[in-house]
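Visitor: Can you read through this structure? Questions will come right after.
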Amino acid sequence: MRQQRRRPTGLIALCMACLWLAAVTACSVNRPESVTLRVLASSELVDMRPLLDDLRRETGITLEMDYRGTVDAGNALASGRYRHDLAWLSSDRYFRLKQKETAPGVEPPLATSIMRSPVVIGMRPATAEQLRRTAPGGRISWADAADAAADGTLKFAMADPRHTNSGLAALIGVATAAAGTGSPLRPEDVSCDRLRGFFAGHALTADSSARMADGFVRRQDELNAMITYESELLQLNRSGELRRPLEIVHPDDGMVLSDYPVLLLDPAKRDAYDRMVDWLKSDPVQKNIMERTLRRPIDPGVPRIPRLREPVGNALYFPGDQKVVDRLLADYGAPRRDRPARVIFLLDFSGSMRGERIAQLRATFDGLSGADDSRSGKFVRFYRGEALTVMRFAGRVLDERSVTYEGQRDLGRLSGFVASDDFADSTAIWSSLDHAYVKVTGLVRQHPGQDISIVLMTDGENNAGMDLDTFLRRHAALPPQARAVRTYTVRHGEADTEELDRAARATGGRMVDATAQSLLNAFKEIRGCAQ
């Protein structure tokens, strides 16, 4: 009987174990170390979730995202006492400015930009075409949008700038365009609120850009524009939720660009941070980000998809002074913004105003009614809902007329009143201003909380009625609400500079000299202060 040969089972088992151990060791060497990072993130980055799963699989990095509005996140980070490993914001400009003010000794965290998207305007095609017909060169600007909002043509959605970066970027973009300097906004550029006309068209807001987009979809029949990131407008167009896609308008006077930086808050996580940003900036991932979120790659060498091939245009500067941002946000959030203002124009119709001077005054009112097509004129024109009173005076108040601007017909009535040739002798400046404050006393009782201001224009010296000292004593005795109404004086012709300046300062206003500039420019200079 042939003896059966025994198999070397022990040796085989040992070889198999060695092979398994080698394989495991090789896998362990190639597999990145797993790490979990806590991230304070802008709420609009929710659309990056599918890519975060890829990040975890390919790098071993898991991100625990804490989503907040970008401005809210910036306020939370400003003290320098961080509770997260990283921050990933749509923009860190607000945070850095805030931190420089509140914690000047804190070293700013390392930041790496990942992608870009400008804050632009999405318009119904018919609305864009209407604005393009009158825009210089057919290129729509923020000034054109402000003009259309003031006359009731444009009704738009914009997220709340007190919480969101898209809203804050839009606010800064519009204010920069209104200042017209081409430079970062300074405190003196925002000393008067010249955006009241623009915000007359602000019909929908929300504390996040995503909620605002949802609201726009529900109200798309009554709204014709939305101001937000280019990427969110393109995503909304792609979603099929709109009956007609919005046209993307890159304002010709510039826009604020978001670059979505990742910030290293905990230096001990530097290795994981470097792995993460290297992965995010790699060409395949940049292409994936572009296709999924419709944001622009940070690397200009990555080929753009057709929808992103149009140049961004002129990028505007973010302010370098926190006081500028604080003033813009305070003006935006002021309760008065929800109530139309009232301006009382007290206009000299004494005999010396005949001829060229009254022609200049009438041209000024035509300009403020919309005839001034300069960019500055479009921001400071009369706007829908604004209450306007004109008092014509000479030796006394000759007549007065009030309108609330709801249509061009109302402005026509006002222009017709200013076109009157009813001049009279003598000039009772201070008695007429006293008469205006008597009217104001009644208005503040009837409309508590309404912004009221007076604009006094004269070309001569007071030669009738009470003198300035008498007016100032009477003004000091007014009820507090009436006394708080400011007067802005406009010096024309031979008017007394010292008296006009003294009266304006006593009421909290200021004087503008129209002898060194056009009368229209003098009135434009104080629009926003006097409204």
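Naming works like this for the structure tokens: A, B, ... for the chains as they're shown, residue 1 at the start of each chain, ligands 1 onward in shown order.
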Find the nearest atom pair between each residue of region 168-259 of chain A and region 289-296 of chain A for residues within 7 Å, count only C-alpha atoms, give distances in Å to one decimal, sort rows by chain and ascending number, and present the table as CSV.
Guide:
residue,atom,partner,partner_atom,distance
A:Ser231,CA,A:Leu294,CA,4.9
A:Leu234,CA,A:Leu294,CA,6.8
A:Gln235,CA,A:Leu294,CA,6.9
Visitor: Counting only C-alpha atoms, what are the residues of region 323-375 of chain A within 6 Å of region 444-459 of chain A, and for each of them which pair of atoms is the nearest and at what distance in Å, to one decimal? Sort the table by chain and rising number, as a tab-separated table.
Guide:
residue	atom	partner	partner_atom	distance
A:Ala341	CA	A:Asp451	CA	4.8
A:Arg342	CA	A:Ile452	CA	4.8
A:Val343	CA	A:Ser453	CA	5.1
A:Ile344	CA	A:Ile454	CA	4.7
A:Phe345	CA	A:Val455	CA	4.8
A:Leu346	CA	A:Leu456	CA	4.7
A:Leu347	CA	A:Met457	CA	5.1
A:Asp348	CA	A:Thr458	CA	4.9
Visitor: Enter the distance from CA of Lys524 (chain A) to CA of Ser376 (chain A), in Å, rounded to one decimal.
Guide: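 If I compute the distance from CA of Lys524 (chain A) to CA of Ser376 (chain A), I get 8.0 Å.
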Visitor: With distances taken over only C-alpha atoms, which of A:Leu520, A:Ala146, A:Leu478, A:Met212 is nearest to Ala175 (chain A)?
Guide: A:Ala146
Visitor: Sort by chain and increasing residue number a table of all residues of region 103-188 of chain A within 12 Å of region 33-49 of chain A, each with its closest pair of atoms and their distance in Å to one decimal, counting only C-alpha atoms, and write it as a Markdown table.
Guide:
| residue | atom | partner | partner_atom | distance |
| --- | --- | --- | --- | --- |
| A:Ile114 | CA | A:Leu45 | CA | 11.8 |
| A:Met115 | CA | A:Leu45 | CA | 11.4 |
| A:Ser117 | CA | A:Glu44 | CA | 11.8 |
| A:Ala159 | CA | A:Glu44 | CA | 11.8 |
| A:His163 | CA | A:Ser42 | CA | 10.3 |
| A:Thr164 | CA | A:Ser42 | CA | 8.5 |
| A:Asn165 | CA | A:Ser42 | CA | 8.6 |
| A:Ser166 | CA | A:Glu44 | CA | 9.5 |
Visitor: Produce a file of the selected residues containing N, CA, C and O atoms, as an mmCIF file, in the first residue's frame.
Guide:
data_model
loop_
_atom_site.group_PDB
_atom_site.id
_atom_site.type_symbol
_atom_site.label_atom_id
_atom_site.label_comp_id
_atom_site.auth_asym_id
_atom_site.auth_seq_id
_atom_site.Cartn_x
_atom_site.Cartn_y
_atom_site.Cartn_z
ATOM 1 N N ILE A 114 -9.858 79.250 -1.791
ATOM 2 C CA ILE A 114 -10.186 77.973 -2.437
ATOM 3 C C ILE A 114 -10.918 78.162 -3.766
ATOM 4 O O ILE A 114 -10.698 77.420 -4.727
ATOM 5 N N MET A 115 -11.811 79.132 -3.854
ATOM 6 C CA MET A 115 -12.622 79.316 -5.063
ATOM 7 C C MET A 115 -13.125 80.754 -5.052
ATOM 8 O O MET A 115 -12.928 81.476 -4.070
ATOM 9 N N SER A 117 -16.383 83.690 -6.268
ATOM 10 C CA SER A 117 -17.676 84.016 -6.868
ATOM 11 C C SER A 117 -17.998 85.472 -6.545
ATOM 12 O O SER A 117 -17.949 85.878 -5.384
ATOM 13 N N ALA A 159 -30.111 89.351 0.666
ATOM 14 C CA ALA A 159 -30.006 88.833 2.034
ATOM 15 C C ALA A 159 -29.550 89.932 2.990
ATOM 16 O O ALA A 159 -28.942 90.927 2.593
ATOM 17 N N HIS A 163 -26.017 89.740 8.690
ATOM 18 C CA HIS A 163 -25.747 88.325 8.955
ATOM 19 C C HIS A 163 -24.974 87.640 7.829
ATOM 20 O O HIS A 163 -24.216 86.711 8.095
ATOM 21 N N THR A 164 -25.179 88.072 6.585
ATOM 22 C CA THR A 164 -24.655 87.317 5.447
ATOM 23 C C THR A 164 -23.588 88.094 4.692
ATOM 24 O O THR A 164 -23.646 89.327 4.588
ATOM 25 N N ASN A 165 -22.656 87.359 4.119
ATOM 26 C CA ASN A 165 -21.635 88.003 3.302
ATOM 27 C C ASN A 165 -22.199 88.486 1.976
ATOM 28 O O ASN A 165 -21.789 89.538 1.467
ATOM 29 N N SER A 166 -23.146 87.748 1.394
ATOM 30 C CA SER A 166 -23.694 88.195 0.111
ATOM 31 C C SER A 166 -24.387 89.549 0.269
ATOM 32 O O SER A 166 -24.242 90.439 -0.574
#
Visitor: Given the choices A:Leu472, A:Ile305, A:Pro187, A:Leu204, which gets closest to Gln220 (chain A) if the distance is worked out from only C-alpha atoms?
Guide: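 Among the listed residues, the smallest separation from Gln220 (chain A) belongs to A:Leu204.
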Visitor: Excluding Pro284 (chain A) and residues on its chain fewer than 3 positions from it, collect all residues at most 12 Å away from it, counting only C-alpha atoms, and give them as a ChimeraX atom specification.
Guide: /A:51,54,278-281,287-291,297,299,302-303
Visitor: How would the residues just picked look written out with N, CA and C atoms as a PDB file, in the first residue's frame?
Guide:
ATOM      1  N   LEU A  51     -18.577  66.879  -1.763  1.00  0.00           N
ATOM      2  CA  LEU A  51     -17.128  66.883  -1.903  1.00  0.00           C
ATOM      3  C   LEU A  51     -16.428  66.574  -0.587  1.00  0.00           C
ATOM      4  N   ASP A  54     -15.837  62.982  -0.392  1.00  0.00           N
ATOM      5  CA  ASP A  54     -14.647  62.627  -1.173  1.00  0.00           C
ATOM      6  C   ASP A  54     -13.374  62.979  -0.406  1.00  0.00           C
ATOM      7  N   ASP A 278      -4.355  71.416   0.075  1.00  0.00           N
ATOM      8  CA  ASP A 278      -3.698  70.876  -1.123  1.00  0.00           C
ATOM      9  C   ASP A 278      -4.679  70.051  -1.941  1.00  0.00           C
ATOM     10  N   TRP A 279      -5.502  69.277  -1.262  1.00  0.00           N
ATOM     11  CA  TRP A 279      -6.511  68.458  -1.961  1.00  0.00           C
ATOM     12  C   TRP A 279      -7.545  69.356  -2.630  1.00  0.00           C
ATOM     13  N   LEU A 280      -8.021  70.382  -1.904  1.00  0.00           N
ATOM     14  CA  LEU A 280      -9.045  71.277  -2.449  1.00  0.00           C
ATOM     15  C   LEU A 280      -8.533  72.067  -3.653  1.00  0.00           C
ATOM     16  N   LYS A 281      -7.251  72.368  -3.677  1.00  0.00           N
ATOM     17  CA  LYS A 281      -6.687  73.173  -4.764  1.00  0.00           C
ATOM     18  C   LYS A 281      -6.149  72.326  -5.924  1.00  0.00           C
ATOM     19  N   LYS A 287     -11.913  71.358 -10.575  1.00  0.00           N
ATOM     20  CA  LYS A 287     -12.864  71.121 -11.666  1.00  0.00           C
ATOM     21  C   LYS A 287     -14.189  70.594 -11.122  1.00  0.00           C
ATOM     22  N   ASN A 288     -14.106  69.700 -10.133  1.00  0.00           N
ATOM     23  CA  ASN A 288     -15.309  69.148  -9.514  1.00  0.00           C
ATOM     24  C   ASN A 288     -16.097  70.244  -8.795  1.00  0.00           C
ATOM     25  N   ILE A 289     -15.391  71.105  -8.054  1.00  0.00           N
ATOM     26  CA  ILE A 289     -16.048  72.227  -7.360  1.00  0.00           C
ATOM     27  C   ILE A 289     -16.777  73.104  -8.378  1.00  0.00           C
ATOM     28  N   MET A 290     -16.094  73.443  -9.462  1.00  0.00           N
ATOM     29  CA  MET A 290     -16.683  74.309 -10.482  1.00  0.00           C
ATOM     30  C   MET A 290     -17.955  73.689 -11.059  1.00  0.00           C
ATOM     31  N   GLU A 291     -17.906  72.407 -11.391  1.00  0.00           N
ATOM     32  CA  GLU A 291     -19.058  71.766 -12.021  1.00  0.00           C
ATOM     33  C   GLU A 291     -20.216  71.574 -11.053  1.00  0.00           C
ATOM     34  N   PRO A 297     -12.851  78.443 -10.275  1.00  0.00           N
ATOM     35  CA  PRO A 297     -11.633  77.888  -9.673  1.00  0.00           C
ATOM     36  C   PRO A 297     -10.663  78.998  -9.261  1.00  0.00           C
ATOM     37  N   ASP A 299      -7.520  78.629  -9.373  1.00  0.00           N
ATOM     38  CA  ASP A 299      -6.400  78.503 -10.312  1.00  0.00           C
ATOM     39  C   ASP A 299      -6.860  78.950 -11.694  1.00  0.00           C
ATOM     40  N   VAL A 302      -7.173  76.355 -14.685  1.00  0.00           N
ATOM     41  CA  VAL A 302      -8.223  75.342 -14.840  1.00  0.00           C
ATOM     42  C   VAL A 302      -9.237  75.847 -15.871  1.00  0.00           C
ATOM     43  N   PRO A 303      -9.467  75.123 -16.959  1.00  0.00           N
ATOM     44  CA  PRO A 303     -10.413  75.590 -17.992  1.00  0.00           C
ATOM     45  C   PRO A 303     -11.816  75.792 -17.415  1.00  0.00           C
TER      46      PRO A 303
END
Visitor: Identify all residues of region 86-117 of chain A in strand (DSSP E) (DSSP on the backbone) and supply them as a PyMOL selection string.
Guide: chain A and resi 86-88+110-113+115-117
Visitor: Which residues come within 7 Å of Phe382 (chain A), counting only C-alpha atoms, excluding same-chain residues fewer than 2 positions away, as a list in words?
Guide: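 Contacts, in chain order: Ala150, Leu368, Ser369, Val380 and Glu386 of chain A.
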Visitor: Go ahead and save the picked residues with all heavy atoms, as a short mmCIF file (atom, residue, chain, number, x, y, z; two decimals), in the first residue's frame.
Guide:
data_model
loop_
_atom_site.label_atom_id
_atom_site.label_comp_id
_atom_site.auth_asym_id
_atom_site.auth_seq_id
_atom_site.Cartn_x
_atom_site.Cartn_y
_atom_site.Cartn_z
N ALA A 150 -35.44 103.37 -7.40
CA ALA A 150 -36.04 104.61 -6.91
C ALA A 150 -37.34 104.93 -7.63
O ALA A 150 -38.29 105.45 -7.01
CB ALA A 150 -35.05 105.76 -7.09
N LEU A 368 -33.26 116.12 -9.85
CA LEU A 368 -33.61 115.27 -8.72
C LEU A 368 -34.83 114.40 -9.01
O LEU A 368 -35.06 113.38 -8.34
CB LEU A 368 -33.85 116.12 -7.47
CG LEU A 368 -32.64 116.89 -6.93
CD1 LEU A 368 -33.05 117.76 -5.74
CD2 LEU A 368 -31.53 115.93 -6.50
N SER A 369 -35.61 114.79 -10.01
CA SER A 369 -36.79 114.01 -10.40
C SER A 369 -36.46 112.91 -11.39
O SER A 369 -37.35 112.18 -11.82
CB SER A 369 -37.85 114.94 -11.00
OG SER A 369 -38.27 115.89 -10.04
N VAL A 380 -29.10 109.75 -5.93
CA VAL A 380 -29.67 110.72 -5.00
C VAL A 380 -30.99 111.31 -5.49
O VAL A 380 -31.49 112.27 -4.91
CB VAL A 380 -28.65 111.86 -4.71
CG1 VAL A 380 -27.42 111.31 -4.04
CG2 VAL A 380 -28.28 112.62 -5.98
N GLU A 386 -41.25 108.65 -1.04
CA GLU A 386 -40.70 109.82 -0.36
C GLU A 386 -41.73 110.95 -0.38
O GLU A 386 -42.36 111.23 -1.40
CB GLU A 386 -39.41 110.26 -1.04
CG GLU A 386 -38.67 111.37 -0.31
CD GLU A 386 -37.33 111.70 -0.95
OE1 GLU A 386 -37.09 111.28 -2.11
OE2 GLU A 386 -36.51 112.38 -0.30
#
Visitor: As a VMD selection string, please: the residues near region 79-86 of chain A (cut-off 10 Å, only C-alpha atoms, same-chain neighbours under 3 positions excluded).
Guide: chain A and resid 36 to 41 63 to 66 74 to 76 89 95 98 to 111 262 to 270 273
Visitor: Using C-alpha atoms, can you export the residues from the last selection as a compact mmCIF listing (two decimals), in the first residue's frame?
Guide:
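Here's the written file result_10.txt:
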# COMPACT_ATOMS: atom_id res chain seq x y z
CA THR A 36 -11.54 65.02 12.50
CA LEU A 37 -11.54 68.82 12.32
CA ARG A 38 -14.19 71.13 13.75
CA VAL A 39 -14.98 73.86 11.21
CA LEU A 40 -16.91 77.11 11.61
CA ALA A 41 -18.34 77.54 8.12
CA LEU A 63 -14.94 67.87 8.73
CA GLU A 64 -17.56 68.58 11.41
CA MET A 65 -19.22 71.68 10.00
CA ASP A 66 -20.85 74.35 12.16
CA GLY A 74 -16.85 86.81 11.82
CA ASN A 75 -18.26 88.32 15.01
CA ALA A 76 -17.75 85.00 16.83
CA LEU A 89 -15.84 81.46 5.19
CA PHE A 95 -13.67 89.09 10.26
CA LYS A 98 -13.43 93.31 13.07
CA GLN A 99 -10.53 91.49 14.73
CA LYS A 100 -8.14 94.36 14.00
CA GLU A 101 -10.49 96.63 15.95
CA THR A 102 -11.50 94.35 18.84
CA ALA A 103 -8.29 92.31 19.32
CA PRO A 104 -5.45 94.33 17.76
CA GLY A 105 -2.71 92.19 19.34
CA VAL A 106 -3.98 88.88 17.98
CA GLU A 107 -2.08 87.42 15.03
CA PRO A 108 -4.46 86.80 12.09
CA PRO A 109 -4.81 83.10 11.26
CA LEU A 110 -3.25 81.56 8.16
CA ALA A 111 -5.74 81.62 5.26
CA VAL A 262 -9.96 78.21 4.79
CA LEU A 263 -8.48 79.64 8.02
CA LEU A 264 -6.22 77.70 10.39
CA LEU A 265 -7.43 78.52 13.91
CA ASP A 266 -5.52 75.78 15.79
CA PRO A 267 -1.83 75.70 14.74
CA ALA A 268 -1.55 72.13 16.10
CA LYS A 269 -3.71 71.04 13.14
CA ARG A 270 -1.32 72.47 10.54
CA TYR A 273 -4.82 71.80 7.21
Visitor: Counting only C-alpha atoms, which residues of region 93-156 of chain A fall within 12 Å of region 400-408 of chain A, and what is the closest atom pair for each with its distance in Å at one decimal, ordered by chain and rising number, as CSV?
Guide:
residue,atom,partner,partner_atom,distance
A:Ala150,CA,A:Tyr405,CA,9.9
A:Asp151,CA,A:Gly407,CA,7.5
A:Gly152,CA,A:Gly407,CA,8.4
A:Thr153,CA,A:Gly407,CA,10.7
Visitor: Residues as selected, all heavy atoms, written as a PDB file, in the first residue's frame, can you do that?
Guide:
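Okay, again39.pdb is ready:
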ATOM      1  N   ALA A 150     -35.442 103.366  -7.400  1.00  0.00           N
ATOM      2  CA  ALA A 150     -36.040 104.610  -6.915  1.00  0.00           C
ATOM      3  C   ALA A 150     -37.343 104.933  -7.626  1.00  0.00           C
ATOM      4  O   ALA A 150     -38.286 105.449  -7.010  1.00  0.00           O
ATOM      5  CB  ALA A 150     -35.048 105.763  -7.086  1.00  0.00           C
ATOM      6  N   ASP A 151     -37.425 104.607  -8.936  1.00  0.00           N
ATOM      7  CA  ASP A 151     -38.668 104.936  -9.648  1.00  0.00           C
ATOM      8  C   ASP A 151     -39.674 103.786  -9.652  1.00  0.00           C
ATOM      9  O   ASP A 151     -40.706 103.866 -10.309  1.00  0.00           O
ATOM     10  CB  ASP A 151     -38.369 105.429 -11.065  1.00  0.00           C
ATOM     11  CG  ASP A 151     -37.968 104.326 -12.043  1.00  0.00           C
ATOM     12  OD1 ASP A 151     -38.042 103.136 -11.690  1.00  0.00           O
ATOM     13  OD2 ASP A 151     -37.580 104.658 -13.176  1.00  0.00           O
ATOM     14  N   GLY A 152     -39.363 102.707  -8.924  1.00  0.00           N
ATOM     15  CA  GLY A 152     -40.316 101.614  -8.767  1.00  0.00           C
ATOM     16  C   GLY A 152     -40.212 100.528  -9.809  1.00  0.00           C
ATOM     17  O   GLY A 152     -40.974  99.557  -9.773  1.00  0.00           O
ATOM     18  N   THR A 153     -39.254 100.647 -10.749  1.00  0.00           N
ATOM     19  CA  THR A 153     -39.115  99.645 -11.806  1.00  0.00           C
ATOM     20  C   THR A 153     -38.508  98.347 -11.297  1.00  0.00           C
ATOM     21  O   THR A 153     -38.876  97.258 -11.741  1.00  0.00           O
ATOM     22  CB  THR A 153     -38.227 100.199 -12.947  1.00  0.00           C
ATOM     23  OG1 THR A 153     -38.806 101.418 -13.423  1.00  0.00           O
ATOM     24  CG2 THR A 153     -38.102  99.206 -14.082  1.00  0.00           C
TER      25      THR A 153
END
